[in-house]
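Chemist: Contents of structure-v8.cif (mmCIF, C-alpha atoms) are below:
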```cif
data_coords
#
loop_
_atom_site.label_atom_id
_atom_site.label_comp_id
_atom_site.auth_asym_id
_atom_site.auth_seq_id
_atom_site.Cartn_x
_atom_site.Cartn_y
_atom_site.Cartn_z
CA MET A 1 97.95 -89.95 -26.46
CA ASP A 2 96.16 -91.56 -23.51
CA LYS A 3 93.01 -90.27 -21.88
CA LEU A 4 93.90 -88.82 -18.47
CA LYS A 5 91.65 -89.03 -15.42
CA SER A 6 91.72 -86.63 -12.51
CA PHE A 7 91.48 -87.54 -8.82
CA GLU A 8 88.49 -87.86 -6.54
CA PRO A 9 87.81 -84.74 -4.48
CA LEU A 10 89.67 -84.35 -1.20
CA ILE A 11 86.86 -82.99 0.96
CA ASN A 12 84.84 -83.56 4.11
CA LYS A 13 81.69 -82.11 5.69
CA GLU A 14 83.75 -79.49 7.59
CA SER A 15 85.37 -78.10 4.43
CA LYS A 16 84.72 -74.39 3.94
CA VAL A 17 87.12 -73.53 1.11
CA LEU A 18 87.37 -75.45 -2.16
CA ILE A 19 90.49 -75.06 -4.29
CA LEU A 20 89.83 -76.04 -7.90
CA GLY A 21 92.77 -76.77 -10.16
CA SER A 22 92.57 -77.57 -13.85
CA MET A 23 94.05 -81.07 -14.22
CA PRO A 24 96.96 -82.70 -12.35
CA GLY A 25 100.30 -82.61 -14.13
CA VAL A 26 102.24 -85.68 -15.22
CA MET A 27 104.24 -85.94 -11.98
CA SER A 28 101.10 -85.60 -9.84
CA LEU A 29 99.31 -88.27 -11.87
CA ASP A 30 102.31 -90.60 -11.58
CA LYS A 31 102.44 -90.10 -7.80
CA GLN A 32 98.64 -90.07 -7.46
CA GLN A 33 98.95 -86.88 -5.39
CA TYR A 34 97.44 -83.45 -5.70
CA TYR A 35 100.28 -81.00 -6.41
CA GLY A 36 102.83 -83.80 -6.49
CA ASN A 37 105.51 -81.80 -8.28
CA PRO A 38 107.87 -80.54 -5.55
CA ARG A 39 108.45 -77.37 -7.57
CA ASN A 40 104.75 -76.46 -7.44
CA HIS A 41 104.13 -73.69 -4.91
CA PHE A 42 100.76 -75.01 -3.67
CA TRP A 43 101.89 -76.78 -0.50
CA LYS A 44 104.41 -74.07 0.37
CA ILE A 45 101.68 -71.42 0.01
CA ILE A 46 99.15 -73.32 2.12
CA TYR A 47 101.56 -74.00 4.96
CA SER A 48 102.91 -70.43 4.81
CA LEU A 49 99.39 -69.03 5.21
CA PHE A 50 99.23 -70.76 8.59
CA ASN A 51 102.87 -70.10 9.53
CA GLU A 52 103.45 -73.84 9.70
CA ILE A 53 106.33 -76.02 8.52
CA GLU A 54 105.33 -78.16 5.55
CA ASP A 55 104.83 -81.83 6.32
CA GLU A 56 106.98 -84.24 4.33
CA HIS A 57 104.43 -86.96 3.67
CA TYR A 58 101.38 -86.64 1.44
CA GLU A 59 99.01 -88.27 3.95
CA GLN A 60 100.02 -85.64 6.53
CA LYS A 61 99.47 -82.87 4.00
CA LYS A 62 95.98 -84.16 3.24
CA ALA A 63 95.19 -84.34 6.97
CA PHE A 64 96.46 -80.77 7.39
CA LEU A 65 94.06 -79.53 4.70
CA MET A 66 91.12 -81.38 6.24
CA LYS A 67 91.93 -79.97 9.69
CA LYS A 68 92.04 -76.45 8.24
CA GLY A 69 88.78 -76.82 6.28
CA ILE A 70 90.35 -76.76 2.81
CA ALA A 71 89.14 -79.10 0.06
CA LEU A 72 90.80 -79.91 -3.28
CA TRP A 73 89.44 -80.95 -6.63
CA ASP A 74 89.94 -80.25 -10.30
CA VAL A 75 87.57 -78.73 -12.81
CA ILE A 76 88.56 -81.27 -15.45
CA ASN A 77 87.60 -84.90 -14.92
CA THR A 78 89.15 -86.36 -18.08
CA CYS A 79 91.15 -85.01 -20.99
CA PHE A 80 93.90 -85.72 -23.47
CA ARG A 81 97.18 -83.87 -22.96
CA GLU A 82 100.81 -84.18 -23.97
CA GLY A 83 103.01 -83.23 -21.02
CA SER A 84 101.74 -81.04 -18.17
CA LEU A 85 100.90 -77.74 -19.85
CA ASP A 86 97.30 -76.57 -19.50
CA SER A 87 97.56 -75.15 -23.00
CA ASN A 88 97.93 -78.73 -24.32
CA ILE A 89 94.64 -79.93 -22.81
CA LYS A 90 92.24 -81.32 -25.44
CA LYS A 91 88.75 -82.82 -25.36
CA GLU A 92 88.22 -82.07 -21.70
CA GLU A 93 85.20 -83.30 -19.76
CA VAL A 94 84.46 -81.45 -16.55
CA ASN A 95 83.65 -82.63 -13.05
CA GLU A 96 80.24 -82.01 -11.52
CA VAL A 97 81.26 -79.06 -9.37
CA GLU A 98 77.67 -77.94 -8.88
CA SER A 99 76.71 -81.35 -7.44
CA LEU A 100 79.71 -81.26 -5.12
CA LEU A 101 78.62 -77.88 -3.75
CA GLU A 102 75.10 -79.19 -3.18
CA TYR A 103 76.46 -82.18 -1.25
CA TYR A 104 78.90 -80.03 0.76
CA PRO A 105 76.89 -76.90 1.64
CA ASN A 106 79.52 -75.60 4.08
CA ILE A 107 81.75 -74.54 1.17
CA ARG A 108 81.80 -70.73 1.37
CA PHE A 109 84.61 -69.90 -1.04
CA ILE A 110 86.12 -71.35 -4.22
CA GLY A 111 89.63 -70.45 -5.20
CA PHE A 112 90.46 -71.26 -8.81
CA ASN A 113 94.13 -72.23 -9.03
CA GLY A 114 95.03 -70.37 -12.22
CA THR A 115 93.35 -69.20 -15.38
CA LYS A 116 92.59 -72.60 -16.95
CA ALA A 117 90.53 -73.87 -14.01
CA TYR A 118 88.26 -70.82 -14.08
CA SER A 119 87.99 -70.51 -17.87
CA THR A 120 87.21 -74.22 -18.31
CA LEU A 121 84.41 -74.18 -15.76
CA LYS A 122 82.97 -71.00 -17.26
CA LYS A 123 83.15 -72.45 -20.80
CA HIS A 124 81.60 -75.83 -20.05
CA ILE A 125 78.96 -75.24 -17.38
CA GLY A 126 78.99 -71.52 -16.66
CA ILE A 127 79.42 -69.79 -13.33
CA GLN A 128 75.84 -68.77 -12.55
CA PHE A 129 75.50 -71.62 -10.05
CA LEU A 130 78.29 -70.02 -7.99
CA ASN A 131 75.84 -67.42 -6.68
CA LYS A 132 75.80 -69.18 -3.28
CA VAL A 133 79.56 -68.91 -2.73
CA GLU A 134 82.30 -66.35 -3.10
CA TYR A 135 84.97 -67.18 -5.64
CA LYS A 136 88.17 -65.79 -7.08
CA GLN A 137 90.68 -66.74 -9.74
CA LEU A 138 93.98 -67.02 -7.87
CA PRO A 139 97.46 -66.98 -9.39
CA SER A 140 98.60 -70.40 -10.51
CA THR A 141 100.89 -72.32 -8.18
CA SER A 142 102.38 -74.16 -11.16
CA PRO A 143 106.16 -74.24 -11.54
CA ILE A 144 105.72 -73.60 -15.28
CA PRO A 145 105.93 -69.86 -15.98
CA GLY A 146 102.83 -68.51 -17.65
CA ARG A 147 101.75 -65.14 -18.96
CA ASN A 148 101.24 -63.66 -15.50
CA ILE A 149 104.44 -64.52 -13.66
CA LYS A 150 104.27 -63.49 -10.01
CA SER A 151 106.73 -63.80 -7.18
CA PHE A 152 106.08 -66.27 -4.39
CA ASP A 153 105.27 -63.37 -2.03
CA ASP A 154 102.77 -61.91 -4.50
CA LYS A 155 101.09 -65.30 -4.87
CA LEU A 156 101.01 -65.77 -1.11
CA HIS A 157 99.38 -62.37 -0.65
CA GLU A 158 96.63 -63.15 -3.17
CA TRP A 159 96.07 -66.65 -1.78
CA SER A 160 95.64 -65.21 1.73
CA ILE A 161 92.01 -64.40 0.83
CA ILE A 162 91.10 -67.99 1.72
CA LEU A 163 91.83 -67.27 5.38
CA ASN A 164 88.75 -65.00 5.46
CA TYR A 165 86.51 -68.03 4.91
CA LEU A 166 87.98 -70.51 7.36
#
```
As structure tokens, how would this structure be written, given the file I've shared?
Modeler:
Amino acid sequence: MDKLKSFEPLINKESKVLILGSMPGVMSLDKQQYYGNPRNHFWKIIYSLFNEIEDEHYEQKKAFLMKKGIALWDVINTCFREGSLDSNIKKEEVNEVESLLEYYPNIRFIGFNGTKAYSTLKKHIGIQFLNKVEYKQLPSTSPIPGRNIKSFDDKLHEWSIILNYL
């Protein structure tokens, strides 16, 4: 089993919302793209929030996020994992989320994309440093059904909270 490495943050000084995932899945790592699995609901949710048609190319999608003030990163920096399931993550090392927030003080809200992102941050470094921002654990956009299966419309409704911070 190889050690997996997450991506650099996708962020700029105008970012107001930070979406934190757990760790990119196999397809995303292969493509070197956040949410690279076409079955993942992330991009569909984001574009739906703005009533926009989803761009086809990854570079356009990244530009769309930057224009809207949305940043992406993952809680986990490195780990070992068979397949793409969060439940298979072992020996994780976390990213320096607190340092990122210090460097990008315009972040007003953190949305945790699923249970694993939130629970991993809480376990490894705690959440007390989040006292300067609002945050919420959002339903996972993963195509892999978990314990809390929600419809696309239910996910979209919960994810709409990010619009309050943009």
Chemist: Select all residues near (91.0, -78.9, -15.6) (cut-off 9 Å, inclusive, file coordinates), counting only C-alpha atoms, and output them as a list in words.
Modeler: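 Collected hits near the coordinates: Ser6, Leu20, Gly21, Ser22, Met23, Pro24, Asp74, Val75, Ile76, Asn77, Thr78, Cys79, Asp86, Ile89, Glu92, Glu93, Val94, Asn95, Lys116, Ala117, Tyr118, Thr120 and Leu121 of chain A.
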Chemist: Quick check, in Å to one decimal: how far apart do CA of Leu130 (chain A) and CA of Lys150 (chain A) lie?
Modeler: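 Distance reported for this atom pair: 26.9 Å.
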Chemist: Report as a PyMOL selection string the residues that result from applying the PyMOL selection byres ((chain A and resi 3) around 7) to the structure here.
Modeler: chain A and resi 1-2+4-5+78-80
Chemist: Take CA of Ser119 (chain A) and CA of Ile70 (chain A) and report the distance between them in Å, one decimal.
Modeler: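 Computing the Euclidean distance for CA of Ser119 (chain A) and CA of Ile70 (chain A) yields 21.7 Å.
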Chemist: Any idea what the distance is between CA of Thr115 (chain A) and CA of Arg39 (chain A)?
Modeler: 18.9 Å
